[in-house]
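Undergrad: Submitted below is the structure of interest, expressed as structure tokens.
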Amino acid sequence: MKRICLLFAVCILLSVGCGKKQVGEEVVSERKEKAEETVPKPLETQEIKPEETLAAIPEEAELEDEEEQGVENFFSYEIRTENGLDYLVLTGFKEDYREKALSYLEKYGCLRIPEEIGGMPVKEIGTEAFCNVGVEKIAFPKQISVIGARAFCDNSLLQSIYVPKADCVIEKDAFAGCREDCFLCFGKGIEGKDNPVEEYALANGLYPFEIMPIESKEPVVRYPKEPYVLAPEVRNFFYGENADDENFCSFEEADDAPDFGFEKWHYPCGEFCVGMISQEIEASSELASPDGRYSADNLSCSRGRNCAWAEGAEGDGIGESILYHDSNSWLFDAWENDRYEWDGLRYDSSGYPLDGYIRYTEICIVNGYARDEKTWEENGRVKTLLMYVDKPYAYLYLEDTIRPQYFLLPEGDIRAVDGGTIDFRFVIEEVYPGTLYEDTCLTGLVLEFRGRFGH
């Protein structure tokens with residue numbers, strides 16, 4: 001069994017950093033001073049206020065003038081009536097406040113369309129209302145129903161748009177001229193009905209990104225009708241934290257390099273040090289050894305290639321399994337405050353909007369006992385793993401190679417709530433026999449995911 005529980009401050013203090021290894025008091029002192037400058041307070045002592053998780057999207061109160069004058073003074077609008085009720089169509093910024101509004105956008109980048117002005121709801125954005133105003137991120141209110149033609153065109157910095165109402169009508173070229181990697185985020189659609197926002201994104205070169213409501217900490221999994229059949233991309237080992245020469249943490253690839261997995265998991269080049277990781281790895285059986293050389297603990301990328309998991313059952317290990325119990329927390333349980341709709345305008349380490357879900361994206365497996373070629377050939381290797389996420393999800397067909405193998409998972413299929421838990425089980429279905437031993441081995445199995453902040 002393996003348990004890793006790392007706070008980001010602890011992670012940084014215990015790690016040794018990238019660059020060539022050196023010894024001596026001068027170097028140690030230099031590292032210590034650098035750590036003191038860069039390491040934030042541990043979570044136990046650092047006070048985190050709810051509004052601090054929304055730093056990228058400032059409230060109107062952050063600008064004293066705007067708070068005093070009222071947000072209605074920024075916008076020009078038309079009043080319309082529907083079913084006897086008045087509502088507003090925003091037509092842009094008022095000329096008297098346009099310069100101040102543009103200065104605000106230049107400083108903060110985000111434009112939050114108000115839910116109401118003067119007690120009347122904002123339901124539409126007029127034609128060409130906010131062309132070329134320099135906005136980077138836009139958040140619309142829940143009741144928005146129409147975004148007019150060319151309403152936000154020629155905003156070349158526009159990177160993220162959030163439309164809570166998935167059936168909102170977006171007219172022609174509403175976001176023409178935005179960034180090529182712009183995300184159009186939308187709320188959960190109505191089952192069985194069309195989703196105009198997603199359709200608009202796909203038809204206009206934007207990245208659609210569904211922000212699902214978080215109603216519990218249970219994982220959300222989209223299962224295929226039949227388990228996927230996944231083939232790997234074979235890469236190579238690299239020089240990371242386990243290296244002991246001039247290649248230390250260079251990530252240069254080589255057959256005899258000691259590390260595998262994902263560069264993001266190596267301090268200080270990665271993002272894992274910003275939250276808390278809790279992971280348990282169990283196996284249905286383990287080959288007995290006095291030094292734990294064959295325990296399931298060894299499947300972590302931090303163990304390198306000198307140890308492995310070996311099943312301990314009679315025969316070649318078909319039917320034996322590995323269980324991963326994962327729990328990750330990166331946003332300090334902000335989901336409990338129902339604030340993830342705004343976090344959707346910020347970005348994780350991969351450049352994707354944050355929505356409170358951890359998305360599992362890739363698996364790295366090092367087959368057999370990869371300490372060296374001789375050891376690898378003598379022991380059995382896995383040919384097929386059946387991956388379960390509560391139910392059968394995918395067959396992983398491994399190549400008979402000592403090198404690391406990477407399996408991409410369908411985007412958005414497997415989501416775990418920040419602070420929640422999720423279980424993965426991998427069952428051996430077929431094996432490659434070893435030349436000397438029956439025991440089937442794995443050197444590493446690492447699960448990669450999106451949904452956390454980067455440094």
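Following the order of the structure tokens, chains are lettered A, B, ..., residues in each are numbered from 1, and ligands are numbered from 1.
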Mind checking which residues fall within 6 Å of range 350-362 of chain A, counting only C-alpha atoms, ignoring those fewer than 2 positions away in the same chain, and posting them as an NGL selection string?
TA: :A and (211 or 340 or 343-348 or 407-409 or 414-418 or 448-451)
Undergrad: Write out as a ChimeraX atom specification all residues of range 227-375 of chain A that DSSP puts in strand (DSSP E) for this structure's backbone.
TA: /A:228-230,233-234,276-283,309-310,321-329,357-367
Undergrad: For a test of reading the model, state the distance in Å between CA of Gly134 in chain A and CA of Met120 in chain A, rounded to one decimal.
TA: 26.9 Å
Undergrad: Using DSSP on the backbone coordinates, identify all residues within range 283-381 of chain A classified as helix (DSSP H, G or I); present the result as a PyMOL selection string.
TA: chain A and resi 296-299+301-303+334-337+340-343+373-378
Undergrad: Would you save the residues from that selection as an mmCIF file, in the first residue's frame, using N, CA, C and O atoms?
TA:
data_model
loop_
_atom_site.group_PDB
_atom_site.id
_atom_site.type_symbol
_atom_site.label_atom_id
_atom_site.label_comp_id
_atom_site.auth_asym_id
_atom_site.auth_seq_id
_atom_site.Cartn_x
_atom_site.Cartn_y
_atom_site.Cartn_z
ATOM 1 N N ALA A 296 3.510 -3.127 -4.300
ATOM 2 C CA ALA A 296 2.767 -2.202 -5.149
ATOM 3 C C ALA A 296 3.215 -0.760 -4.958
ATOM 4 O O ALA A 296 3.016 0.083 -5.844
ATOM 5 N N ASP A 297 3.860 -0.472 -3.833
ATOM 6 C CA ASP A 297 4.402 0.871 -3.599
ATOM 7 C C ASP A 297 5.318 1.321 -4.735
ATOM 8 O O ASP A 297 5.446 2.512 -5.006
ATOM 9 N N ASN A 298 5.960 0.372 -5.371
ATOM 10 C CA ASN A 298 7.006 0.690 -6.340
ATOM 11 C C ASN A 298 6.480 1.214 -7.669
ATOM 12 O O ASN A 298 7.278 1.617 -8.524
ATOM 13 N N LEU A 299 5.172 1.220 -7.870
ATOM 14 C CA LEU A 299 4.625 1.646 -9.154
ATOM 15 C C LEU A 299 4.637 3.165 -9.339
ATOM 16 O O LEU A 299 4.410 3.657 -10.438
ATOM 17 N N CYS A 301 6.090 6.859 -9.981
ATOM 18 C CA CYS A 301 7.218 7.320 -10.801
ATOM 19 C C CYS A 301 8.401 7.744 -9.944
ATOM 20 O O CYS A 301 9.543 7.771 -10.422
ATOM 21 N N SER A 302 8.169 8.069 -8.667
ATOM 22 C CA SER A 302 9.269 8.515 -7.807
ATOM 23 C C SER A 302 10.221 7.387 -7.439
ATOM 24 O O SER A 302 11.319 7.632 -6.951
ATOM 25 N N ARG A 303 9.827 6.136 -7.680
ATOM 26 C CA ARG A 303 10.672 5.004 -7.308
ATOM 27 C C ARG A 303 11.709 4.668 -8.384
ATOM 28 O O ARG A 303 12.617 3.889 -8.135
ATOM 29 N N ALA A 334 -13.070 24.855 -2.951
ATOM 30 C CA ALA A 334 -13.907 26.009 -3.294
ATOM 31 C C ALA A 334 -15.259 25.583 -3.849
ATOM 32 O O ALA A 334 -16.197 26.376 -3.864
ATOM 33 N N TRP A 335 -15.383 24.330 -4.296
ATOM 34 C CA TRP A 335 -16.661 23.881 -4.859
ATOM 35 C C TRP A 335 -17.784 23.976 -3.841
ATOM 36 O O TRP A 335 -18.946 24.160 -4.192
ATOM 37 N N GLU A 336 -17.438 23.884 -2.565
ATOM 38 C CA GLU A 336 -18.468 23.965 -1.543
ATOM 39 C C GLU A 336 -19.100 25.359 -1.503
ATOM 40 O O GLU A 336 -20.199 25.539 -1.012
ATOM 41 N N ASN A 337 -18.371 26.352 -2.021
ATOM 42 C CA ASN A 337 -18.890 27.717 -2.052
ATOM 43 C C ASN A 337 -19.599 28.043 -3.360
ATOM 44 O O ASN A 337 -19.949 29.184 -3.614
ATOM 45 N N TYR A 340 -17.283 27.633 -8.755
ATOM 46 C CA TYR A 340 -16.515 27.133 -9.884
ATOM 47 C C TYR A 340 -16.929 27.736 -11.211
ATOM 48 O O TYR A 340 -16.183 27.712 -12.155
ATOM 49 N N GLU A 341 -18.121 28.292 -11.310
ATOM 50 C CA GLU A 341 -18.486 28.904 -12.575
ATOM 51 C C GLU A 341 -17.538 30.053 -12.896
ATOM 52 O O GLU A 341 -17.255 30.332 -14.059
ATOM 53 N N TRP A 342 -17.021 30.719 -11.862
ATOM 54 C CA TRP A 342 -16.067 31.798 -12.101
ATOM 55 C C TRP A 342 -14.663 31.249 -12.289
ATOM 56 O O TRP A 342 -13.874 31.795 -13.046
ATOM 57 N N ASP A 343 -14.322 30.172 -11.609
ATOM 58 C CA ASP A 343 -13.006 29.575 -11.820
ATOM 59 C C ASP A 343 -12.844 29.078 -13.252
ATOM 60 O O ASP A 343 -11.747 28.852 -13.710
ATOM 61 N N GLU A 373 18.081 -4.698 -19.158
ATOM 62 C CA GLU A 373 17.554 -5.590 -20.197
ATOM 63 C C GLU A 373 17.501 -7.044 -19.731
ATOM 64 O O GLU A 373 16.536 -7.766 -19.993
ATOM 65 N N LYS A 374 18.519 -7.507 -19.029
ATOM 66 C CA LYS A 374 18.588 -8.899 -18.589
ATOM 67 C C LYS A 374 17.436 -9.200 -17.621
ATOM 68 O O LYS A 374 16.721 -10.201 -17.776
ATOM 69 N N THR A 375 17.260 -8.349 -16.601
ATOM 70 C CA THR A 375 16.183 -8.540 -15.623
ATOM 71 C C THR A 375 14.824 -8.475 -16.300
ATOM 72 O O THR A 375 13.914 -9.254 -15.985
ATOM 73 N N TRP A 376 14.682 -7.553 -17.235
ATOM 74 C CA TRP A 376 13.412 -7.383 -17.944
ATOM 75 C C TRP A 376 13.044 -8.639 -18.745
ATOM 76 O O TRP A 376 11.916 -9.090 -18.726
ATOM 77 N N GLU A 377 14.016 -9.224 -19.427
ATOM 78 C CA GLU A 377 13.754 -10.411 -20.244
ATOM 79 C C GLU A 377 13.448 -11.638 -19.386
ATOM 80 O O GLU A 377 12.630 -12.488 -19.753
ATOM 81 N N GLU A 378 14.075 -11.745 -18.214
ATOM 82 C CA GLU A 378 13.907 -12.938 -17.380
ATOM 83 C C GLU A 378 12.533 -13.025 -16.727
ATOM 84 O O GLU A 378 12.035 -14.119 -16.462
#
Undergrad: Which residues of range 351-410 of chain A come within 10 Å of range 231-254 of chain A, and what is each one's closest atom pair and distance in Å (one decimal), counting only C-alpha atoms, sorted by chain and residue number, as JSON lines?
TA:
{"residue": "A:Ile363", "atom": "CA", "partner": "A:Pro232", "partner_atom": "CA", "distance": 9.2}
{"residue": "A:Cys364", "atom": "CA", "partner": "A:Pro232", "partner_atom": "CA", "distance": 8.9}
{"residue": "A:Ile365", "atom": "CA", "partner": "A:Pro232", "partner_atom": "CA", "distance": 9.2}
{"residue": "A:Val366", "atom": "CA", "partner": "A:Phe237", "partner_atom": "CA", "distance": 9.5}
{"residue": "A:Tyr395", "atom": "CA", "partner": "A:Ala231", "partner_atom": "CA", "distance": 8.6}
{"residue": "A:Leu396", "atom": "CA", "partner": "A:Ala231", "partner_atom": "CA", "distance": 6.3}
{"residue": "A:Tyr397", "atom": "CA", "partner": "A:Ala231", "partner_atom": "CA", "distance": 5.5}
{"residue": "A:Leu398", "atom": "CA", "partner": "A:Pro232", "partner_atom": "CA", "distance": 6.7}
{"residue": "A:Glu399", "atom": "CA", "partner": "A:Pro232", "partner_atom": "CA", "distance": 7.6}
{"residue": "A:Thr401", "atom": "CA", "partner": "A:Val234", "partner_atom": "CA", "distance": 8.4}
{"residue": "A:Ile402", "atom": "CA", "partner": "A:Asn236", "partner_atom": "CA", "distance": 9.0}
{"residue": "A:Arg403", "atom": "CA", "partner": "A:Asn236", "partner_atom": "CA", "distance": 5.4}
{"residue": "A:Pro404", "atom": "CA", "partner": "A:Arg235", "partner_atom": "CA", "distance": 5.7}
{"residue": "A:Gln405", "atom": "CA", "partner": "A:Val234", "partner_atom": "CA", "distance": 4.6}
{"residue": "A:Tyr406", "atom": "CA", "partner": "A:Pro232", "partner_atom": "CA", "distance": 5.1}
{"residue": "A:Phe407", "atom": "CA", "partner": "A:Pro232", "partner_atom": "CA", "distance": 4.8}
{"residue": "A:Leu408", "atom": "CA", "partner": "A:Pro232", "partner_atom": "CA", "distance": 7.6}
Undergrad: For Tyr388 in chain A, list every protein, DNA or RNA residue within 6 Å, evaluated using only C-alpha atoms, and leave out those in the same chain fewer than 5 positions away; present the list as a list in words.
TA: Tyr393, Phe424 and Arg425 of chain A
Undergrad: For the residues in that selection, give me C-alpha atoms as a PDB file, in the first residue's frame.
TA:
ATOM      1  CA  TYR A 393     -13.660   1.065 -19.199  1.00  0.00           C
ATOM      2  CA  PHE A 424      -9.085   2.684 -10.748  1.00  0.00           C
ATOM      3  CA  ARG A 425      -8.473  -1.044 -11.049  1.00  0.00           C
TER       4      ARG A 425
END
Undergrad: Any idea what's packed within 12 Å of Ser289 in chain A, counting only C-alpha atoms, ignoring anything in its chain fewer than 3 positions away? Could you give it as a list of chain:residue names?
TA: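 Final neighbour list, sorted by chain and number: A:Glu286, A:Gly292, A:Arg293, A:Tyr294, A:Ser295, A:Cys307, A:Ala308, A:Trp309, A:Ala310, A:Glu311, A:Gly312.
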Undergrad: For CA of Ile277 in chain A and CA of Gly419 in chain A, quote the distance in Å rounded to one decimal.
TA: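 If I compute the distance from CA of Ile277 in chain A to CA of Gly419 in chain A, I get 9.4 Å.
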Undergrad: Report the distance between CA of Lys94 in chain A and CA of Ala201 in chain A in Å, rounded to one decimal place.
TA: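 So the two atoms, CA of Lys94 in chain A and CA of Ala201 in chain A, lie 29.5 Å apart.
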Undergrad: With distances taken over only C-alpha atoms, which residue among A:Arg150, A:Lys165, A:Lys142, A:Arg112 lies nearest Ala129 in chain A?
TA: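 Of the candidates, the smallest distance to Ala129 in chain A is held by A:Arg150.
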Undergrad: Quick one: of A:Gly368, A:Gly148, A:Pro208, A:Gly319, who's nearest to Phe426 in chain A, counting only C-alpha atoms?
TA: A:Gly319
